[in-house]
file my_file.cif (mmCIF, C-alpha atoms and all ligand atoms)
data_run
loop_
_atom_site.label_atom_id
_atom_site.label_comp_id
_atom_site.auth_asym_id
_atom_site.auth_seq_id
_atom_site.Cartn_x
_atom_site.Cartn_y
_atom_site.Cartn_z
CA MET A 543 -12.54 -18.95 23.41
CA ALA A 544 -9.35 -17.52 21.91
CA LYS A 545 -9.04 -16.77 18.23
CA ILE A 546 -5.86 -16.50 16.21
CA SER A 547 -5.86 -14.44 13.06
CA LEU A 548 -3.17 -15.07 10.46
CA THR A 549 -2.55 -13.09 7.28
CA VAL A 550 -0.83 -15.16 4.61
CA CYS A 551 0.60 -14.12 1.26
CA ASP A 552 -1.95 -14.31 -1.59
CA VAL A 553 0.77 -15.68 -3.90
CA ASP A 554 2.44 -18.51 -1.96
CA GLN A 555 0.12 -18.83 1.09
CA ASP A 556 3.15 -19.80 3.17
CA ARG A 557 2.13 -19.74 6.87
CA SER A 558 5.76 -19.58 8.04
CA LYS A 559 6.23 -16.09 6.54
CA SER A 560 4.54 -12.94 7.75
CA ALA A 561 2.43 -11.02 5.25
CA ARG A 562 1.08 -7.50 5.15
CA SER A 563 -1.94 -6.05 3.41
CA TYR A 564 -1.26 -3.64 0.56
CA HIS A 565 -3.70 -1.28 -1.07
CA LEU A 566 -2.89 0.05 -4.52
CA THR A 567 -4.75 2.75 -6.41
CA VAL A 568 -4.04 3.29 -10.10
CA GLU A 569 -6.06 5.80 -12.10
CA GLY A 570 -8.90 5.68 -9.60
CA ARG A 571 -9.10 1.86 -9.46
CA SER A 572 -8.28 0.15 -6.19
CA TYR A 573 -6.55 -3.19 -5.67
CA SER A 574 -5.74 -5.03 -2.45
CA ALA A 575 -3.38 -7.92 -1.78
CA ASP A 576 -1.76 -9.63 1.19
CA LEU A 577 1.90 -10.18 0.37
CA CYS A 578 5.05 -11.50 2.05
CA ASP A 579 8.25 -9.45 1.74
CA GLU A 580 9.40 -11.52 -1.24
CA HIS A 581 6.21 -10.97 -3.24
CA ALA A 582 5.88 -7.34 -2.18
CA ALA A 583 9.40 -6.65 -3.47
CA PRO A 584 8.21 -5.75 -7.02
CA LEU A 585 5.95 -3.05 -5.51
CA PHE A 586 8.89 -1.55 -3.63
CA ARG A 587 11.08 -1.73 -6.76
CA LEU A 588 8.34 0.17 -8.60
CA MET A 589 8.15 2.77 -5.83
CA SER A 590 11.93 3.24 -5.93
CA LEU A 591 11.66 4.04 -9.66
CA SER A 592 8.72 6.39 -9.37
CA ILE A 593 9.21 10.11 -9.26
CA PRO A 594 7.67 11.83 -6.24
CA PRO A 595 4.47 13.70 -7.23
CA ARG A 596 5.99 17.12 -6.41
CA ALA A 597 8.82 16.52 -8.89
CA ARG A 598 6.33 15.56 -11.60
CA LYS A 599 4.41 18.84 -11.50
CA VAL A 600 4.88 20.85 -14.66
CA ASP A 601 2.94 24.07 -15.22
CA GLY A 602 1.17 23.46 -11.89
CA ARG A 603 -0.39 20.21 -13.15
CA ASN A 604 0.47 16.68 -12.15
CA ARG A 605 1.71 14.59 -15.09
CA GLY A 606 1.71 10.82 -15.43
CA ILE A 607 -0.21 8.08 -13.68
CA ALA A 608 -0.95 8.66 -10.01
CA THR A 609 0.16 5.50 -8.22
CA LYS A 610 -0.01 5.15 -4.48
CA ILE A 611 1.06 2.03 -2.59
CA ARG A 612 0.25 1.89 1.07
CA THR A 613 -0.07 -0.84 3.65
CA MET A 614 -3.37 -1.29 5.44
CA ASP A 615 -1.58 -0.20 8.65
CA GLU A 616 -0.66 3.11 6.99
CA ILE A 617 -4.24 3.61 5.78
CA GLU A 618 -5.64 2.93 9.25
CA ALA A 619 -3.09 5.30 10.82
CA GLU A 620 -4.06 7.97 8.30
CA LYS A 621 -7.75 7.51 9.14
CA ARG A 622 -6.96 7.81 12.86
CA ASN A 623 -4.96 11.00 12.24
CA ARG A 624 -7.81 12.52 10.22
CA ARG A 625 -10.28 11.69 12.99
CA ASP A 626 -7.95 13.17 15.62
CA THR A 627 -7.49 16.46 13.76
CA ARG A 628 -11.24 16.88 13.19
CA GLY A 629 -11.83 16.75 16.96
ZN ZN B 1 4.61 -14.54 -0.90
#
call {"tool": "encode", "arguments": {"input": "my_file.cif", "output": "structure tokens"}}
result
Amino acid sequence: MAKISLTVCDVDQDRSKSARSYHLTVEGRSYSADLCDEHAAPLFRLMSLSIPPRARKVDGRNRGIATKIRTMDEIEAEKRNRRDTRG
């Protein structure tokens, strides 16, 4: 028996649009959402405004809220890379 898995946007649940899973961590709290490109756009606008962590460092300390937005694909790839480097 074949199975078809479909990820739909949590906002509009439109099956005609592709959606990706996003994982967001803000001040140690984690959030996940499946979003289409349209509804993920605010996240990307936010990322375009954010200052890269290296630029934020003053006196060797990181200032501001640490916000990281990654897709589930990126998280899985990171996990695979970590496993590969450990041997
Ligand atoms: Zn959507």
call {"tool": "residues_around", "arguments": {"input": "my_file.cif", "residues": "segment 570-584 of chain A", "least_positions_apart": "4", "cutoff": "7 Å", "atoms": "only C-alpha atoms", "output": "list in words"}}
result
Val550, Cys551, Asp552, Lys559, Ser560, Ala561, Arg562, Ser563, Tyr564, His565, Leu566 and Leu588 of chain A
call {"tool": "closest_residue", "arguments": {"input": "my_file.cif", "among": "A:Gln555, A:Lys545, A:Thr613, A:Glu569", "to": "ligand ZN 1 (chain B)", "atoms": "all atoms listed in the file"}}
result
A:Gln555
call {"tool": "atom_distance", "arguments": {"input": "my_file.cif", "atom1": "atom CA of Leu585 of chain A", "atom2": "atom CA of Arg624 of chain A"}}
result
26.1 Å
call {"tool": "atom_distance", "arguments": {"input": "my_file.cif", "atom1": "atom CA of Glu620 of chain A", "atom2": "atom CA of Asp556 of chain A"}}
result
29.1 Å
call {"tool": "atom_distance", "arguments": {"input": "my_file.cif", "atom1": "atom CA of Val553 of chain A", "atom2": "atom CA of Glu618 of chain A"}}
result
23.7 Å
call {"tool": "closest_residue", "arguments": {"input": "my_file.cif", "among": "A:Arg622, A:Met543, A:Asp554, A:Thr549", "to": "ligand ZN 1 (chain B)", "atoms": "only C-alpha atoms and all ligand atoms"}}
result
A:Asp554
